[in-house]
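Visitor: So here's target_24.txt (compact mmCIF, C-alpha atoms).
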# COMPACT_ATOMS: atom_id res chain seq x y z
CA MET A 1 53.03 -0.21 -51.13
CA LYS A 2 55.26 0.60 -48.19
CA LEU A 3 52.82 3.27 -47.13
CA LEU A 4 49.94 0.79 -47.30
CA LYS A 5 51.84 -1.72 -45.18
CA ALA A 6 52.68 0.91 -42.63
CA THR A 7 49.04 1.94 -42.44
CA LEU A 8 47.94 -1.66 -41.98
CA VAL A 9 50.48 -2.26 -39.22
CA LEU A 10 49.41 0.91 -37.50
CA ALA A 11 45.75 -0.04 -37.72
CA LEU A 12 46.45 -3.50 -36.35
CA GLY A 13 48.49 -1.97 -33.54
CA VAL A 14 45.57 0.23 -32.53
CA ALA A 15 43.21 -2.73 -32.69
CA VAL A 16 45.20 -4.99 -30.38
CA SER A 17 46.72 -2.36 -28.11
CA GLY A 18 44.56 -3.49 -25.25
CA CYS A 19 42.29 -0.56 -25.84
CA ALA A 20 39.28 -1.60 -23.83
CA ASN A 21 36.92 0.53 -25.86
CA GLU A 22 37.67 -1.59 -28.89
CA ARG A 23 37.18 -4.91 -27.17
CA TRP A 24 34.51 -6.08 -29.58
CA LEU A 25 37.15 -6.21 -32.30
CA MET A 26 39.06 -8.84 -30.38
CA GLU A 27 36.06 -10.94 -29.56
CA GLY A 28 35.61 -11.94 -33.17
CA PRO A 29 33.55 -14.94 -34.19
CA ARG A 30 32.94 -17.27 -31.27
CA ASN A 31 34.12 -20.79 -31.83
CA THR A 32 31.74 -22.01 -29.20
CA ASN A 33 28.07 -21.56 -28.57
CA ASP A 34 28.57 -21.48 -24.82
CA LYS A 35 26.57 -18.59 -23.38
CA THR A 36 27.52 -19.45 -19.84
CA VAL A 37 30.98 -17.89 -19.82
CA ASP A 38 32.09 -14.33 -20.48
CA ALA A 39 32.98 -14.35 -24.17
CA GLY A 40 35.58 -11.61 -23.86
CA ARG A 41 39.05 -11.27 -22.52
CA ASP A 42 38.59 -12.76 -19.08
CA THR A 43 36.40 -15.80 -20.04
CA LYS A 44 35.27 -16.20 -16.46
CA ASP A 45 32.23 -18.18 -15.52
CA LEU A 46 29.18 -15.93 -15.29
CA SER A 47 28.50 -17.07 -11.74
CA GLN A 48 31.43 -14.86 -10.66
CA LEU A 49 29.65 -11.59 -11.52
CA LYS A 50 29.67 -8.81 -8.90
CA ALA A 51 26.43 -6.91 -8.49
CA GLY A 52 25.31 -3.56 -7.20
CA VAL A 53 21.78 -2.30 -6.69
CA TRP A 54 19.88 0.00 -9.02
CA ILE A 55 16.71 1.66 -7.76
CA ASP A 56 13.91 1.95 -10.33
CA PRO A 57 11.55 4.96 -10.54
CA ASN A 58 9.09 3.14 -8.23
CA GLY A 59 11.81 2.80 -5.59
CA CYS A 60 12.33 -0.94 -6.05
CA ASP A 61 15.70 -2.72 -6.18
CA HIS A 62 17.31 -4.46 -9.17
CA TRP A 63 20.66 -6.19 -9.32
CA ILE A 64 22.92 -4.31 -11.73
CA ILE A 65 26.18 -5.64 -13.15
CA ASP A 66 28.57 -3.89 -15.51
CA ASP A 67 30.84 -6.61 -16.85
CA GLY A 68 32.88 -4.62 -19.34
CA VAL A 69 30.93 -4.72 -22.59
CA GLU A 70 27.95 -6.64 -21.23
CA GLY A 71 25.50 -5.16 -18.80
CA TYR A 72 23.02 -7.18 -16.75
CA LEU A 73 19.91 -6.10 -14.87
CA SER A 74 17.59 -8.41 -12.98
CA ALA A 75 14.83 -7.84 -10.43
CA ARG A 76 15.52 -8.28 -6.72
CA LEU A 77 12.69 -10.39 -5.31
CA ASP A 78 11.89 -11.56 -1.81
CA LYS A 79 10.94 -15.15 -0.90
CA TYR A 80 7.30 -14.47 -1.76
CA GLY A 81 8.19 -13.23 -5.27
CA LYS A 82 7.43 -9.60 -4.45
CA PRO A 83 9.82 -6.82 -5.47
CA VAL A 84 12.24 -5.65 -2.79
CA CYS A 85 11.98 -1.89 -2.35
CA SER A 86 14.62 -1.20 0.27
CA GLY A 87 14.83 2.58 -0.01
CA SER A 88 18.61 2.28 0.34
CA ALA A 89 19.06 4.94 -2.37
CA PRO A 90 16.82 7.40 -4.24
CA PRO A 91 15.08 6.25 -7.46
CA GLY A 92 17.32 6.30 -10.52
CA VAL A 93 20.51 5.69 -8.54
CA ALA A 94 22.91 2.73 -8.76
CA THR A 95 25.05 1.85 -5.74
CA GLY A 96 27.54 -0.83 -4.80
CA PRO A 97 30.45 -2.60 -6.49
CA PHE A 98 28.71 -3.34 -9.78
CA LYS A 99 31.68 -2.26 -11.90
CA SER A 100 34.24 -4.30 -10.00
CA GLY A 101 33.60 -7.66 -11.63
CA SER A 102 35.79 -6.92 -14.64
CA SER A 103 39.32 -5.61 -14.97
CA ILE A 104 38.30 -3.95 -18.22
CA PRO A 105 37.99 -0.23 -17.55
CA ASP A 106 34.68 1.38 -18.39
CA THR A 107 34.67 5.13 -18.62
CA ILE A 108 31.04 5.48 -19.64
CA MET B 1 30.59 6.58 -27.97
CA ARG B 2 29.25 3.48 -26.38
CA ALA B 3 26.11 3.56 -28.49
CA VAL B 4 28.18 3.66 -31.66
CA ARG B 5 30.34 0.81 -30.47
CA LYS B 6 27.30 -1.19 -29.55
CA GLN B 7 25.83 -0.61 -32.98
CA ILE B 8 28.97 -1.80 -34.73
CA ALA B 9 29.08 -4.82 -32.47
CA LYS B 10 25.44 -5.49 -33.16
CA ALA B 11 26.05 -5.36 -36.91
CA ALA B 12 28.92 -7.81 -36.51
CA ALA B 13 26.77 -10.09 -34.38
CA GLY B 14 24.02 -9.89 -36.99
CA ALA B 15 26.40 -11.04 -39.69
CA LEU B 16 27.50 -13.89 -37.46
CA SER B 17 24.04 -15.08 -36.67
CA ALA B 18 23.28 -15.16 -40.38
CA ILE B 19 25.80 -17.94 -40.75
CA ALA B 20 24.90 -19.56 -37.48
CA LEU B 21 23.09 -22.84 -37.85
CA SER B 22 19.47 -22.87 -36.92
CA ILE B 23 18.52 -25.77 -34.79
CA VAL B 24 15.42 -27.72 -35.41
CA GLY B 25 14.01 -29.44 -32.41
CA LEU B 26 10.96 -31.45 -31.57
CA VAL B 27 9.08 -30.00 -28.68
CA SER B 28 6.17 -31.80 -27.18
CA THR B 29 3.20 -29.71 -26.21
CA PRO B 30 2.56 -29.66 -22.47
CA ALA B 31 -0.53 -31.61 -21.68
CA PRO B 32 -3.23 -30.10 -19.50
CA VAL B 33 -2.97 -31.48 -15.99
CA ALA B 34 -5.77 -33.27 -14.31
CA ALA B 35 -7.90 -30.84 -12.35
CA ASP B 36 -6.65 -32.01 -8.98
CA GLY B 37 -6.43 -28.36 -7.95
CA HIS B 38 -3.21 -28.61 -5.97
CA GLY B 39 -2.93 -25.45 -3.92
CA TYR B 40 0.10 -23.18 -3.91
CA GLY B 41 0.96 -20.50 -1.43
CA GLY B 42 -1.78 -17.96 -1.46
CA TYR B 43 -3.99 -19.36 -4.17
CA VAL B 44 -5.24 -22.43 -5.98
CA SER B 45 -4.12 -23.38 -9.49
CA ASN B 46 -3.83 -26.12 -12.04
CA THR B 47 -0.44 -24.97 -13.32
CA PRO B 48 1.65 -27.96 -14.34
CA ARG B 49 4.62 -28.47 -12.06
CA ALA B 50 8.00 -27.81 -13.65
CA GLY B 51 9.36 -30.90 -15.31
CA ASN B 52 5.99 -32.58 -15.40
CA PRO B 53 6.31 -35.42 -17.87
CA SER B 54 4.04 -34.75 -20.77
CA THR B 55 1.58 -37.41 -21.70
CA SER B 56 0.77 -35.78 -25.03
CA THR B 57 1.93 -37.47 -28.21
CA ARG B 58 1.50 -34.36 -30.35
CA THR B 59 4.78 -32.84 -31.53
CA ARG B 60 5.65 -29.63 -33.32
CA THR B 61 8.79 -28.36 -35.01
CA VAL B 62 10.49 -25.27 -33.66
CA ILE B 63 13.14 -23.33 -35.54
CA GLY B 64 15.39 -21.46 -33.18
CA GLU B 65 18.84 -20.94 -31.81
CA ARG B 66 20.09 -22.72 -28.72
CA TYR B 67 20.38 -20.34 -25.76
CA VAL B 68 21.34 -22.29 -22.68
CA PRO B 69 21.70 -20.15 -19.55
CA THR B 70 23.84 -20.61 -16.51
CA ILE B 71 22.91 -19.58 -12.99
CA TRP B 72 24.07 -16.52 -11.10
CA VAL B 73 23.35 -16.35 -7.39
CA ASP B 74 22.59 -12.85 -6.11
CA PRO B 75 23.82 -11.53 -2.74
CA ASP B 76 20.48 -12.56 -1.17
CA GLY B 77 21.13 -16.18 -2.23
CA CYS B 78 18.53 -16.29 -5.02
CA GLU B 79 19.17 -17.61 -8.52
CA HIS B 80 19.03 -15.75 -11.85
CA TRP B 81 19.30 -17.11 -15.38
CA VAL B 82 22.23 -15.47 -17.15
CA MET B 83 23.61 -15.65 -20.70
CA ASP B 84 26.54 -13.92 -22.41
CA ASP B 85 26.01 -13.64 -26.15
CA GLY B 86 29.25 -11.88 -27.09
CA ALA B 87 28.43 -8.20 -26.97
CA GLU B 88 25.09 -8.63 -25.20
CA GLY B 89 24.34 -9.98 -21.79
CA TYR B 90 20.95 -11.22 -20.59
CA MET B 91 19.61 -11.88 -17.13
CA THR B 92 16.26 -12.67 -15.55
CA PRO B 93 15.22 -14.00 -12.11
CA HIS B 94 14.87 -17.77 -11.76
CA VAL B 95 11.33 -18.23 -10.48
CA ASN B 96 9.19 -21.35 -10.43
CA ARG B 97 5.91 -21.52 -12.31
CA GLN B 98 4.14 -19.89 -9.40
CA GLY B 99 6.45 -16.88 -9.54
CA ILE B 100 8.33 -17.83 -6.37
CA PRO B 101 12.09 -17.20 -6.66
CA VAL B 102 14.43 -20.17 -6.42
CA CYS B 103 16.86 -19.41 -3.59
CA ARG B 104 19.72 -21.34 -2.00
CA ARG B 105 19.27 -19.52 1.28
CA GLY B 106 16.71 -17.06 2.55
CA ASN B 107 17.14 -13.69 4.16
CA VAL B 108 14.50 -14.26 6.80
CA CYS B 109 16.37 -13.05 9.87
CA GLY B 110 13.65 -13.43 12.46
CA VAL B 111 10.60 -15.64 12.96
CA MET B 112 8.57 -14.38 15.90
CA ASN B 113 6.34 -17.01 17.42
CA SER B 114 2.99 -15.25 17.76
CA ASP B 115 2.13 -17.09 20.98
CA GLN B 116 5.01 -15.33 22.73
CA PHE B 117 3.93 -11.86 21.64
CA PHE B 118 0.15 -11.85 21.29
CA ALA B 119 -2.87 -13.26 23.12
CA THR B 120 -5.26 -15.31 20.98
CA ASP B 121 -7.14 -13.10 18.48
CA SER B 122 -5.27 -10.03 19.70
CA TYR B 123 -2.70 -7.89 17.95
CA HIS B 124 -1.57 -6.07 21.07
CA ILE B 125 2.06 -6.89 21.87
CA THR B 126 2.94 -7.67 25.47
CA ARG B 127 5.43 -5.35 27.23
CA HIS B 128 8.06 -8.05 27.41
CA GLY B 129 7.49 -8.81 23.72
CA LYS B 130 7.97 -5.16 22.85
CA GLN B 131 11.34 -5.12 24.60
CA ARG B 132 12.47 -8.25 22.79
CA LEU B 133 11.47 -6.79 19.43
CA GLU B 134 13.23 -3.48 20.12
CA GLU B 135 16.36 -5.42 20.95
CA PHE B 136 15.98 -7.41 17.74
CA PHE B 137 15.53 -4.36 15.49
CA ARG B 138 18.46 -2.54 17.12
CA SER B 139 20.90 -5.41 16.66
CA ALA B 140 19.81 -6.64 13.20
CA SER B 141 22.00 -4.18 11.23
CA ALA B 142 19.76 -4.22 8.15
CA THR B 143 19.02 -1.45 5.66
CA ALA B 144 15.31 -2.22 5.78
CA PHE B 145 12.83 -4.84 7.00
CA VAL B 146 9.86 -6.63 5.39
CA ILE B 147 7.35 -7.84 7.98
CA SER B 148 4.80 -10.58 7.17
CA GLY B 149 2.14 -11.90 9.52
CA HIS B 150 0.84 -15.51 9.32
CA THR B 151 -1.83 -17.48 11.18
CA ASP B 152 -2.95 -21.08 11.50
CA SER B 153 -6.04 -22.25 9.62
CA ARG B 154 -8.62 -21.85 12.35
CA ALA B 155 -11.28 -19.15 11.77
CA SER B 156 -12.08 -17.76 8.33
CA ASP B 157 -9.58 -16.88 5.63
CA ALA B 158 -10.70 -13.23 5.63
CA TYR B 159 -10.43 -12.98 9.42
CA ASN B 160 -6.94 -14.48 9.35
CA LEU B 161 -5.77 -12.10 6.62
CA ARG B 162 -6.88 -9.17 8.77
CA LEU B 163 -5.45 -10.53 12.03
CA SER B 164 -2.07 -11.34 10.46
CA LEU B 165 -1.81 -7.85 8.94
CA ASN B 166 -2.74 -6.22 12.24
CA ARG B 167 -0.06 -8.26 14.01
CA ALA B 168 2.54 -7.45 11.35
CA ASN B 169 1.67 -3.76 11.72
CA SER B 170 2.14 -3.98 15.49
CA VAL B 171 5.61 -5.46 14.98
CA ALA B 172 6.40 -2.80 12.35
CA ARG B 173 5.43 -0.01 14.78
CA VAL B 174 7.93 -1.33 17.32
CA GLY B 175 10.60 -1.35 14.60
CA GLN B 176 9.76 2.19 13.58
CA SER B 177 9.91 3.36 17.19
CA VAL B 178 13.59 2.43 17.32
CA GLY B 179 14.37 3.95 13.92
CA ALA B 180 14.22 0.85 11.71
CA ARG B 181 13.23 1.39 8.06
CA ILE B 182 10.20 -0.76 7.25
CA ALA B 183 10.08 -1.55 3.51
CA ASP B 184 6.76 -3.44 3.57
CA VAL B 185 4.16 -4.85 5.94
CA ARG B 186 1.95 -7.77 4.84
CA GLY B 187 -0.68 -10.16 6.14
CA TYR B 188 -0.71 -13.58 4.49
CA GLY B 189 -3.24 -15.09 6.91
CA GLU B 190 -3.30 -18.87 6.69
CA ARG B 191 -2.19 -18.98 3.04
CA MET B 192 1.54 -19.57 3.54
CA PRO B 193 1.71 -22.36 6.12
CA ARG B 194 5.11 -23.50 7.31
CA ALA B 195 3.79 -26.76 8.75
CA SER B 196 0.68 -28.90 8.58
CA ASN B 197 -2.38 -27.46 10.31
CA ARG B 198 -3.50 -30.99 11.22
CA SER B 199 -1.52 -31.05 14.47
CA ALA B 200 -1.40 -28.58 17.36
CA GLY B 201 2.38 -28.35 16.96
CA GLY B 202 2.04 -27.55 13.28
CA MET B 203 -0.54 -24.86 13.94
CA ALA B 204 1.72 -23.26 16.55
CA LYS B 205 4.51 -23.11 13.96
CA ASN B 206 2.19 -21.40 11.51
CA ARG B 207 1.24 -18.65 13.97
CA ARG B 208 4.17 -16.37 13.34
CA VAL B 209 5.47 -13.01 12.20
CA GLU B 210 8.34 -13.33 9.74
CA ILE B 211 10.91 -10.58 9.39
CA ILE B 212 13.07 -10.32 6.25
CA CYS B 213 16.28 -8.33 6.66
CA ILE B 214 17.35 -6.39 3.57
CA ARG B 215 21.08 -5.77 3.73
Go ahead and render the structure in this file as structure tokens.
Guide:
Amino acid sequence: MKLLKATLVLALGVAVSGCANERWLMEGPRNTNDKTVDAGRDTKDLSQLKAGVWIDPNGCDHWIIDDGVEGYLSARLDKYGKPVCSGSAPPGVATGPFKSGSSIPDTI
Amino acid sequence: MRAVRKQIAKAAAGALSAIALSIVGLVSTPAPVAADGHGYGGYVSNTPRAGNPSTSTRTRTVIGERYVPTIWVDPDGCEHWVMDDGAEGYMTPHVNRQGIPVCRRGNVCGVMNSDQFFATDSYHITRHGKQRLEEFFRSASATAFVISGHTDSRASDAYNLRLSLNRANSVARVGQSVGARIADVRGYGERMPRASNRSAGGMAKNRRVEIICIR
């Protein structure tokens, strides 16, 4: 019994030790249906996201955001609705501060 | 590692959505608009305008989950729909029904009045105009430029498309000569007017070469 308790405590400790890789454990069931805020630890409004640029194989730009567990990707368009292909980096490369929007470390 | 985590999270989300309440809503079918043929930039269409009140009385029942987005504004000033669904995130550009992005500010950094750079029907840039453009491209501090030519509505559509592209190319060549990266060169002819072509002042405003700075 004691051993079981110790195991449980240990497991709980691992789960809540702020281990970013296990963040989904902490998110648990959402008590709200609000999709407009980050559901995780920082619960910031999604308008605060910091983007970088990812260049697709055709050389065109997309906004890329790594917000901890969530990732976002959306086309960069000019005022005429045409893709922006800036050539600021080679195809298949992401540049800029796209991982800086979250304090949750992301090693992958 | 991430893939495994994602899978576990997905399984958890799946279990959650099984208990989530489905919403049942009444959605009215959009009614076809009267064929008034309102023109949009570059083409003619009968697409209903966003938010057009429907006159149809037919209703249908839709079973779905409520996914209400918020808006994220990109560094260019344009809006994107964004949703955070726990482990997943979703994003897509906010465009109107004609595919034109909804933006709070533009990144047009230069509008060159054609009358100051070209003679009527010509795409040869004056010497003074060349100097002004070189100065512009050197000081703009942009990663790349998109150059679009526009005309007023006199002469034929096909002629104006060609003239505006020729003029945009002339401007692009000046940019290239001072080392600017040109991402795209376009001729929109008379299809994207900035003002009414019914007055001389309006037509003068429409004769232009627009430069977008990509930073």
Visitor: Could you jot down the atom CA of Ser74 of chain A to atom CA of Val108 of chain B separation for me, Å, one decimal place?
Guide: 20.9 Å
Visitor: When you draw a straight line from atom CA of Ala75 of chain A to atom CA of Val102 of chain B, how long is it in Å?
Guide: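 Result for atom CA of Ala75 of chain A versus atom CA of Val102 of chain B: 13.0 Å, one decimal.
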Visitor: Expressed in Å to a single decimal, how great is the separation between atom CA of Arg127 of chain B and atom CA of Ser148 of chain B?
Guide: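 Atom-to-atom, atom CA of Arg127 of chain B and atom CA of Ser148 of chain B are spaced 20.7 Å apart.
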Visitor: Counting all atoms listed in the file, collect the residues of chain B whose closest atom lies at most 6 Å from chain A, and write them out as a PDB file with C-alpha atoms, keeping the file's coordinate frame.
Guide:
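Result file follows (iface.pdb):
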ATOM      1  CA  PRO B  69      21.700 -20.150 -19.550  1.00  0.00           C
ATOM      2  CA  THR B  70      23.840 -20.610 -16.510  1.00  0.00           C
ATOM      3  CA  TRP B  72      24.070 -16.520 -11.100  1.00  0.00           C
ATOM      4  CA  MET B  83      23.610 -15.650 -20.700  1.00  0.00           C
ATOM      5  CA  ASP B  84      26.540 -13.920 -22.410  1.00  0.00           C
ATOM      6  CA  ASP B  85      26.010 -13.640 -26.150  1.00  0.00           C
ATOM      7  CA  GLY B  86      29.250 -11.880 -27.090  1.00  0.00           C
ATOM      8  CA  ALA B  87      28.430  -8.200 -26.970  1.00  0.00           C
ATOM      9  CA  GLU B  88      25.090  -8.630 -25.200  1.00  0.00           C
ATOM     10  CA  GLY B  89      24.340  -9.980 -21.790  1.00  0.00           C
ATOM     11  CA  TYR B  90      20.950 -11.220 -20.590  1.00  0.00           C
ATOM     12  CA  MET B  91      19.610 -11.880 -17.130  1.00  0.00           C
ATOM     13  CA  THR B  92      16.260 -12.670 -15.550  1.00  0.00           C
ATOM     14  CA  GLY B  99       6.450 -16.880  -9.540  1.00  0.00           C
ATOM     15  CA  ILE B 100       8.330 -17.830  -6.370  1.00  0.00           C
ATOM     16  CA  PRO B 101      12.090 -17.200  -6.660  1.00  0.00           C
ATOM     17  CA  ALA B 144      15.310  -2.220   5.780  1.00  0.00           C
ATOM     18  CA  ALA B 183      10.080  -1.550   3.510  1.00  0.00           C
TER      19      ALA B 183
END
Visitor: Using all atoms listed in the file, which protein or nucleic acid residues come within 12 Å of Arg191 of chain B? Drop anything in the same chain fewer than 6 positions from it, and give the result as a list in words.
Guide: Tyr80 of chain A; Gly39, Tyr40, Gly41, Gly42, Tyr43, Val44, Ser148, Gly149, His150, Thr151, Asp152, Ser153, Arg154, Ser156, Asp157, Ala158, Asn160, Leu161, Ser164, Asn197, Asn206 and Arg207 of chain B
Visitor: Keeping C-alpha atoms for every residue in the selection just given, could you write it to a file as a PDB file, in the coordinates of the input?
Guide:
ATOM      1  CA  TYR A  80       7.300 -14.470  -1.760  1.00  0.00           C
TER       2      TYR A  80
ATOM      3  CA  GLY B  39      -2.930 -25.450  -3.920  1.00  0.00           C
ATOM      4  CA  TYR B  40       0.100 -23.180  -3.910  1.00  0.00           C
ATOM      5  CA  GLY B  41       0.960 -20.500  -1.430  1.00  0.00           C
ATOM      6  CA  GLY B  42      -1.780 -17.960  -1.460  1.00  0.00           C
ATOM      7  CA  TYR B  43      -3.990 -19.360  -4.170  1.00  0.00           C
ATOM      8  CA  VAL B  44      -5.240 -22.430  -5.980  1.00  0.00           C
ATOM      9  CA  SER B 148       4.800 -10.580   7.170  1.00  0.00           C
ATOM     10  CA  GLY B 149       2.140 -11.900   9.520  1.00  0.00           C
ATOM     11  CA  HIS B 150       0.840 -15.510   9.320  1.00  0.00           C
ATOM     12  CA  THR B 151      -1.830 -17.480  11.180  1.00  0.00           C
ATOM     13  CA  ASP B 152      -2.950 -21.080  11.500  1.00  0.00           C
ATOM     14  CA  SER B 153      -6.040 -22.250   9.620  1.00  0.00           C
ATOM     15  CA  ARG B 154      -8.620 -21.850  12.350  1.00  0.00           C
ATOM     16  CA  SER B 156     -12.080 -17.760   8.330  1.00  0.00           C
ATOM     17  CA  ASP B 157      -9.580 -16.880   5.630  1.00  0.00           C
ATOM     18  CA  ALA B 158     -10.700 -13.230   5.630  1.00  0.00           C
ATOM     19  CA  ASN B 160      -6.940 -14.480   9.350  1.00  0.00           C
ATOM     20  CA  LEU B 161      -5.770 -12.100   6.620  1.00  0.00           C
ATOM     21  CA  SER B 164      -2.070 -11.340  10.460  1.00  0.00           C
ATOM     22  CA  ASN B 197      -2.380 -27.460  10.310  1.00  0.00           C
ATOM     23  CA  ASN B 206       2.190 -21.400  11.510  1.00  0.00           C
ATOM     24  CA  ARG B 207       1.240 -18.650  13.970  1.00  0.00           C
TER      25      ARG B 207
END
Visitor: Choose the residue, out of B:Ala195, B:Val185, B:Cys109, B:Val73, that has the smallest atom-to-atom separation from Asn169 of chain B; count all atoms listed in the file.
Guide: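 Nearest to Asn169 of chain B: B:Val185.
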Visitor: As JSON, please report the centre and edge lengths, rounded to one decimal in Å, of the axis-aligned box that holds all listed atoms of segment 82-98 of chain B with 3 Å of padding on each of the six sides.
Guide:
{"center_x": 16.7, "center_y": -14.9, "center_z": -18.2, "size_x": 31.1, "size_y": 19.3, "size_z": 23.7}
Visitor: So which residues touch Trp54 of chain A within 7 Å, counting only C-alpha atoms, skipping near sequence neighbours fewer than 2 positions away, as a ChimeraX atom specification?
Guide: /A:52,56,61-64,92-95
Visitor: Neighbouring residues of Ala142 of chain B were defined as those with any atom within 9 Å, considering all atoms listed in the file; residues of the same chain fewer than 6 positions away were excluded. Please report them as a PDB file with C-alpha atoms, in the frame of the given file.
Guide:
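Output file around06.pdb follows:
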ATOM      1  CA  ALA B 180      14.220   0.850  11.710  1.00  0.00           C
ATOM      2  CA  ARG B 181      13.230   1.390   8.060  1.00  0.00           C
ATOM      3  CA  CYS B 213      16.280  -8.330   6.660  1.00  0.00           C
ATOM      4  CA  ILE B 214      17.350  -6.390   3.570  1.00  0.00           C
ATOM      5  CA  ARG B 215      21.080  -5.770   3.730  1.00  0.00           C
TER       6      ARG B 215
END
